[in-house]
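Reading through the structure tokens given below for one structure.
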Amino acid sequence: MNRKIGVVILALVFIAAWSVLPLLSAEEPAKPAPTYVGNSKCKMCHKGEAKGFVWENWLETKHAKSMESLNAEKGETKDPKCLKCHVTGFGAETGYNVETPNEDLANIGCEACHGPGSEYKSLTIMKEREKAVAAGLIIPNEATCKICHNEESPTYKGFDYTTALPLGTHMKVETPTETPKPTEKPAEEEKPK
Ligand code: HEC
Ligand code: HEC
Ligand code: HEC
Ligand code: HEC
């Protein structure tokens, strides 16, 4: 009887030690490498008026249709030389690839500018910029754009960040201009889907 209890106690001590050990070394957690999750994951929380029409505004940009500029008959939609800048996460293990083309990663999606989202997309992390950035969220700037907007693009005609920003992202245009305003399109009359 006594021996049995001894064995049980010993077992409990072991279990306790094993469950505490990882907590003690929590200073250095093995961070999983962020993976691409696709636009629809971001859409869940970033669509509609309360969220500043981020999703709807992005849909209006050329980025959302960048695959359409590639000619399938000429093989461009499978050409790494083009896909490099016309899809999301090309070259990364979990990014868009030719063998298993993922529509959610085709075109220049959220993660092309904001980085792969697997580690920052949960609400508790997203709510705090610092945590999100630590989990891989990129706050894009001019340098982010120039990863693709540069002389290597066969159609490059220069890049002006200030004018490109409202047209290329999902920003509200503060001062109306005569150029098309992708950011003001999805008003009340067209309920976002
Ligand atoms: C579970 C809901 C949820 C999901 C999924 C989500 N977000 Fe967020 N995101 C939030 C919330 C909440 C905030 C805080 C600001 C706000 O309320 O809009 C935020 C903020 C942000 C910010 C602003 C950060 C800052 O401080 O400037 C960016 C950029 C962002 N999200 C991008 C993304 C991207 C890209 C994805 C998809 C990979 C994504 N989010 C998925 C809820 C979400
Ligand atoms: C992953 C590559 C990539 C990144 C990063 C990127 N772009 Fe683009 N951008 C493209 C491609 C490709 C097109 C062309 C889309 C098409 O028409 O097929 C484009 C088109 C545009 C256009 C429309 C250009 C035109 O001539 O009509 C604007 C504006 C723009 N981008 C702004 C930006 C801004 C601002 C940033 C950074 C905040 C940015 N882009 C980041 C690849 C990128
Ligand atoms: C270095 C990044 C990059 C590469 C590589 C790239 N593109 Fe693009 N592409 C862009 C950007 C950025 C734009 C937006 C216009 C601009 O600034 O060139 C664009 C725009 C386009 C457009 C629309 C042009 C217009 O005026 O509306 C076509 C068509 C296109 N690319 C085809 C291709 C093809 C075909 C390839 C492969 C041979 C390719 N691109 C490779 C970045 C790239
Ligand atoms: C072409 C690059 C680009 C793409 C694509 C893009 N963003 Fe952004 N995003 C930006 C830039 C630039 C900022 C402003 C960063 C700063 O705070 O200076 C931003 C800011 C944000 C913010 C915070 C400010 C705001 O407007 O609410 C959210 C949320 C956000 N992005 C979500 C998204 C989501 C969701 C998608 C996909 C539907 C997306 N972004 C696609 C470039 C991009």
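As shown in the structure tokens, the chain order sets the letters A, B, ...; within each chain, residues go from 1, and ligands are also counted from 1 in the order they appear.
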
Please identify every residue of chain A that has at least one atom no farther than 9 Å from an atom of ligand 2, counting only C-alpha atoms and all ligand atoms, and for each give the shortest atom pair and the distance in Å to one decimal, arranged by chain then increasing number, as JSON lines.
{"residue": "A:Thr61", "atom": "CA", "partner": "ligand 2", "partner_atom_place_in_ligand_line": "23 (C)", "distance": 7.1}
{"residue": "A:Lys62", "atom": "CA", "partner": "ligand 2", "partner_atom_place_in_ligand_line": "15 (C)", "distance": 4.7}
{"residue": "A:His63", "atom": "CA", "partner": "ligand 2", "partner_atom_place_in_ligand_line": "15 (C)", "distance": 4.9}
{"residue": "A:Ala64", "atom": "CA", "partner": "ligand 2", "partner_atom_place_in_ligand_line": "15 (C)", "distance": 7.6}
{"residue": "A:Lys65", "atom": "CA", "partner": "ligand 2", "partner_atom_place_in_ligand_line": "18 (O)", "distance": 5.9}
{"residue": "A:Ser66", "atom": "CA", "partner": "ligand 2", "partner_atom_place_in_ligand_line": "18 (O)", "distance": 3.3}
{"residue": "A:Met67", "atom": "CA", "partner": "ligand 2", "partner_atom_place_in_ligand_line": "18 (O)", "distance": 6.1}
{"residue": "A:Glu68", "atom": "CA", "partner": "ligand 2", "partner_atom_place_in_ligand_line": "18 (O)", "distance": 6.2}
{"residue": "A:Ser69", "atom": "CA", "partner": "ligand 2", "partner_atom_place_in_ligand_line": "18 (O)", "distance": 4.4}
{"residue": "A:Leu70", "atom": "CA", "partner": "ligand 2", "partner_atom_place_in_ligand_line": "18 (O)", "distance": 7.2}
{"residue": "A:Cys82", "atom": "CA", "partner": "ligand 2", "partner_atom_place_in_ligand_line": "12 (C)", "distance": 8.3}
{"residue": "A:Leu83", "atom": "CA", "partner": "ligand 2", "partner_atom_place_in_ligand_line": "12 (C)", "distance": 8.4}
{"residue": "A:Lys84", "atom": "CA", "partner": "ligand 2", "partner_atom_place_in_ligand_line": "1 (C)", "distance": 7.3}
{"residue": "A:Cys85", "atom": "CA", "partner": "ligand 2", "partner_atom_place_in_ligand_line": "2 (C)", "distance": 4.3}
{"residue": "A:His86", "atom": "CA", "partner": "ligand 2", "partner_atom_place_in_ligand_line": "12 (C)", "distance": 4.1}
{"residue": "A:Val87", "atom": "CA", "partner": "ligand 2", "partner_atom_place_in_ligand_line": "1 (C)", "distance": 6.3}
{"residue": "A:Thr88", "atom": "CA", "partner": "ligand 2", "partner_atom_place_in_ligand_line": "1 (C)", "distance": 6.1}
{"residue": "A:Gly89", "atom": "CA", "partner": "ligand 2", "partner_atom_place_in_ligand_line": "1 (C)", "distance": 7.5}
{"residue": "A:Phe90", "atom": "CA", "partner": "ligand 2", "partner_atom_place_in_ligand_line": "1 (C)", "distance": 8.4}
{"residue": "A:Asn107", "atom": "CA", "partner": "ligand 2", "partner_atom_place_in_ligand_line": "12 (C)", "distance": 7.7}
{"residue": "A:Ile108", "atom": "CA", "partner": "ligand 2", "partner_atom_place_in_ligand_line": "1 (C)", "distance": 5.6}
{"residue": "A:Gly109", "atom": "CA", "partner": "ligand 2", "partner_atom_place_in_ligand_line": "1 (C)", "distance": 8.2}
{"residue": "A:Glu111", "atom": "CA", "partner": "ligand 2", "partner_atom_place_in_ligand_line": "1 (C)", "distance": 8.9}
{"residue": "A:Ala112", "atom": "CA", "partner": "ligand 2", "partner_atom_place_in_ligand_line": "1 (C)", "distance": 5.1}
{"residue": "A:Cys113", "atom": "CA", "partner": "ligand 2", "partner_atom_place_in_ligand_line": "5 (C)", "distance": 5.2}
{"residue": "A:His114", "atom": "CA", "partner": "ligand 2", "partner_atom_place_in_ligand_line": "5 (C)", "distance": 8.9}
{"residue": "A:Pro140", "atom": "CA", "partner": "ligand 2", "partner_atom_place_in_ligand_line": "38 (C)", "distance": 5.8}
{"residue": "A:Asn141", "atom": "CA", "partner": "ligand 2", "partner_atom_place_in_ligand_line": "38 (C)", "distance": 5.8}
{"residue": "A:Glu142", "atom": "CA", "partner": "ligand 2", "partner_atom_place_in_ligand_line": "37 (C)", "distance": 5.9}
{"residue": "A:Ala143", "atom": "CA", "partner": "ligand 2", "partner_atom_place_in_ligand_line": "37 (C)", "distance": 7.6}
{"residue": "A:Thr144", "atom": "CA", "partner": "ligand 2", "partner_atom_place_in_ligand_line": "5 (C)", "distance": 5.4}
{"residue": "A:Cys145", "atom": "CA", "partner": "ligand 2", "partner_atom_place_in_ligand_line": "37 (C)", "distance": 3.4}
{"residue": "A:Lys146", "atom": "CA", "partner": "ligand 2", "partner_atom_place_in_ligand_line": "41 (C)", "distance": 6.7}
{"residue": "A:Ile147", "atom": "CA", "partner": "ligand 2", "partner_atom_place_in_ligand_line": "5 (C)", "distance": 5.6}
{"residue": "A:Cys148", "atom": "CA", "partner": "ligand 2", "partner_atom_place_in_ligand_line": "2 (C)", "distance": 4.3}
{"residue": "A:His149", "atom": "CA", "partner": "ligand 2", "partner_atom_place_in_ligand_line": "7 (N)", "distance": 6.0}
{"residue": "A:Ser153", "atom": "CA", "partner": "ligand 2", "partner_atom_place_in_ligand_line": "12 (C)", "distance": 8.2}
{"residue": "A:Thr155", "atom": "CA", "partner": "ligand 2", "partner_atom_place_in_ligand_line": "26 (O)", "distance": 8.6}
{"residue": "A:Tyr156", "atom": "CA", "partner": "ligand 2", "partner_atom_place_in_ligand_line": "26 (O)", "distance": 8.5}
{"residue": "A:Lys157", "atom": "CA", "partner": "ligand 2", "partner_atom_place_in_ligand_line": "26 (O)", "distance": 8.3}
{"residue": "A:Phe159", "atom": "CA", "partner": "ligand 2", "partner_atom_place_in_ligand_line": "32 (C)", "distance": 8.1}
{"residue": "A:Asp160", "atom": "CA", "partner": "ligand 2", "partner_atom_place_in_ligand_line": "35 (C)", "distance": 8.2}
{"residue": "A:Tyr161", "atom": "CA", "partner": "ligand 2", "partner_atom_place_in_ligand_line": "35 (C)", "distance": 5.7}
{"residue": "A:Thr162", "atom": "CA", "partner": "ligand 2", "partner_atom_place_in_ligand_line": "35 (C)", "distance": 7.6}
{"residue": "A:Thr163", "atom": "CA", "partner": "ligand 2", "partner_atom_place_in_ligand_line": "29 (C)", "distance": 7.2}
{"residue": "A:Ala164", "atom": "CA", "partner": "ligand 2", "partner_atom_place_in_ligand_line": "29 (C)", "distance": 3.9}
{"residue": "A:Leu165", "atom": "CA", "partner": "ligand 2", "partner_atom_place_in_ligand_line": "35 (C)", "distance": 3.7}
{"residue": "A:Pro166", "atom": "CA", "partner": "ligand 2", "partner_atom_place_in_ligand_line": "35 (C)", "distance": 6.9}
{"residue": "A:Leu167", "atom": "CA", "partner": "ligand 2", "partner_atom_place_in_ligand_line": "29 (C)", "distance": 4.4}
{"residue": "A:Gly168", "atom": "CA", "partner": "ligand 2", "partner_atom_place_in_ligand_line": "32 (C)", "distance": 3.6}
{"residue": "A:Thr169", "atom": "CA", "partner": "ligand 2", "partner_atom_place_in_ligand_line": "35 (C)", "distance": 6.0}

For the contact check between chain A and ligand 1, emit one row per residue of chain A within 8 Å, containing the shortest atom pair and the distance in Å rounded to one decimal, counting only C-alpha atoms and all ligand atoms, chain then rising number order, as a Markdown table.
| residue | atom | partner | partner_atom_place_in_ligand_line | distance |
| --- | --- | --- | --- | --- |
| A:Tyr36 | CA | ligand 1 | 38 (C) | 7.4 |
| A:Val37 | CA | ligand 1 | 38 (C) | 6.2 |
| A:Gly38 | CA | ligand 1 | 38 (C) | 6.6 |
| A:Asn39 | CA | ligand 1 | 37 (C) | 6.2 |
| A:Ser40 | CA | ligand 1 | 37 (C) | 7.6 |
| A:Lys41 | CA | ligand 1 | 5 (C) | 5.2 |
| A:Cys42 | CA | ligand 1 | 37 (C) | 3.4 |
| A:Lys43 | CA | ligand 1 | 41 (C) | 7.0 |
| A:Met44 | CA | ligand 1 | 5 (C) | 5.8 |
| A:Cys45 | CA | ligand 1 | 2 (C) | 4.4 |
| A:His46 | CA | ligand 1 | 7 (N) | 6.3 |
| A:Lys51 | CA | ligand 1 | 18 (O) | 5.8 |
| A:Cys110 | CA | ligand 1 | 35 (C) | 4.7 |
| A:Glu111 | CA | ligand 1 | 35 (C) | 5.2 |
| A:Cys113 | CA | ligand 1 | 35 (C) | 7.8 |
| A:His114 | CA | ligand 1 | 35 (C) | 5.2 |
| A:Gly115 | CA | ligand 1 | 35 (C) | 7.0 |
| A:Pro116 | CA | ligand 1 | 38 (C) | 6.4 |
| A:Gly117 | CA | ligand 1 | 38 (C) | 3.9 |
| A:Ser118 | CA | ligand 1 | 38 (C) | 6.8 |
| A:Tyr120 | CA | ligand 1 | 38 (C) | 7.2 |
| A:Lys121 | CA | ligand 1 | 41 (C) | 4.3 |
| A:Ser122 | CA | ligand 1 | 1 (C) | 5.0 |
| A:Leu123 | CA | ligand 1 | 1 (C) | 4.1 |
| A:Thr124 | CA | ligand 1 | 12 (C) | 7.9 |
| A:Met126 | CA | ligand 1 | 9 (N) | 4.7 |
| A:Lys127 | CA | ligand 1 | 14 (C) | 4.2 |
| A:Glu128 | CA | ligand 1 | 14 (C) | 6.7 |
| A:Arg129 | CA | ligand 1 | 26 (O) | 4.2 |
| A:Glu130 | CA | ligand 1 | 26 (O) | 7.7 |
| A:Ala132 | CA | ligand 1 | 24 (C) | 7.3 |
| A:Leu137 | CA | ligand 1 | 29 (C) | 6.9 |
| A:Ile138 | CA | ligand 1 | 29 (C) | 7.1 |
| A:Ile139 | CA | ligand 1 | 29 (C) | 6.2 |

Include C-alpha atoms and write out the residues we just selected as a short mmCIF file (atom, residue, chain, number, x, y, z; two decimals), in the first residue's frame.
data_model
loop_
_atom_site.label_atom_id
_atom_site.label_comp_id
_atom_site.auth_asym_id
_atom_site.auth_seq_id
_atom_site.Cartn_x
_atom_site.Cartn_y
_atom_site.Cartn_z
CA TYR A 36 1.27 32.89 -45.21
CA VAL A 37 -2.41 32.52 -44.37
CA GLY A 38 -4.08 34.26 -47.33
CA ASN A 39 -6.26 37.33 -47.80
CA SER A 40 -9.53 35.85 -46.61
CA LYS A 41 -8.13 35.48 -43.10
CA CYS A 42 -7.44 39.21 -42.94
CA LYS A 43 -10.76 40.02 -44.59
CA MET A 44 -12.64 38.47 -41.64
CA CYS A 45 -11.63 41.31 -39.36
CA HIS A 46 -10.75 44.15 -41.75
CA LYS A 51 -12.90 48.86 -40.08
CA CYS A 110 -2.33 41.91 -47.55
CA GLU A 111 0.65 39.79 -46.64
CA CYS A 113 3.08 44.28 -47.73
CA HIS A 114 2.32 43.29 -44.13
CA GLY A 115 4.28 40.03 -43.98
CA PRO A 116 3.11 36.44 -43.42
CA GLY A 117 0.29 36.46 -40.88
CA SER A 118 0.13 33.13 -39.06
CA TYR A 120 0.12 37.91 -35.66
CA LYS A 121 -3.43 37.31 -36.93
CA SER A 122 -5.01 36.30 -33.63
CA LEU A 123 -7.09 39.02 -31.99
CA THR A 124 -5.09 39.23 -28.75
CA MET A 126 -3.37 42.04 -33.41
CA LYS A 127 -4.89 44.41 -30.87
CA GLU A 128 -1.45 45.53 -29.75
CA ARG A 129 0.84 46.88 -32.42
CA GLU A 130 3.98 46.01 -30.46
CA ALA A 132 1.90 42.14 -33.67
CA LEU A 137 3.59 42.24 -38.77
CA ILE A 138 5.29 44.68 -41.10
CA ILE A 139 4.28 48.34 -40.96
#

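If only C-alpha atoms and all ligand atoms are the atoms counted, then among A:Glu73, A:Asp79, A:Asp104, A:Glu93 the closest residue to ligand 4 is A:Asp104.
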
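Proximity to ligand 4 was assessed for A:Asn150, A:Ala72, A:Ala30, A:His170 counting only C-alpha atoms and all ligand atoms; the smallest distance is recorded for A:His170.
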
**Prompt:** Do you have the CA of Glu119 in chain A-CA of Ala92 in chain A distance handy?
**Reply:** 15.7 Å

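Rounded to one decimal, atom 39 (C, counted along the ligand's line) of ligand 4 and CA of Gly52 in chain A lie 11.5 Å from each other.
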
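Put simply, atom 38 (C, counted along the ligand's line) of ligand 4 is 16.2 Å away from CA of Tyr96 in chain A.
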
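Minimum distance to ligand 3 across A:Lys131, A:Glu76, A:Gly136, A:Leu105 (counting only C-alpha atoms and all ligand atoms) occurs at A:Glu76.
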
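Here the question is which of A:Thr77, A:Asn57, A:Asn102, A:Asn97 gets nearest to ligand 4 using only C-alpha atoms and all ligand atoms, and that residue is A:Asn57.
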
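Comparing the minimum interatomic distances between ligand 4 and each of A:Pro32, A:Gly158, A:Gly48, A:Gly95, counting only C-alpha atoms and all ligand atoms, we find that A:Gly48 sits nearest.
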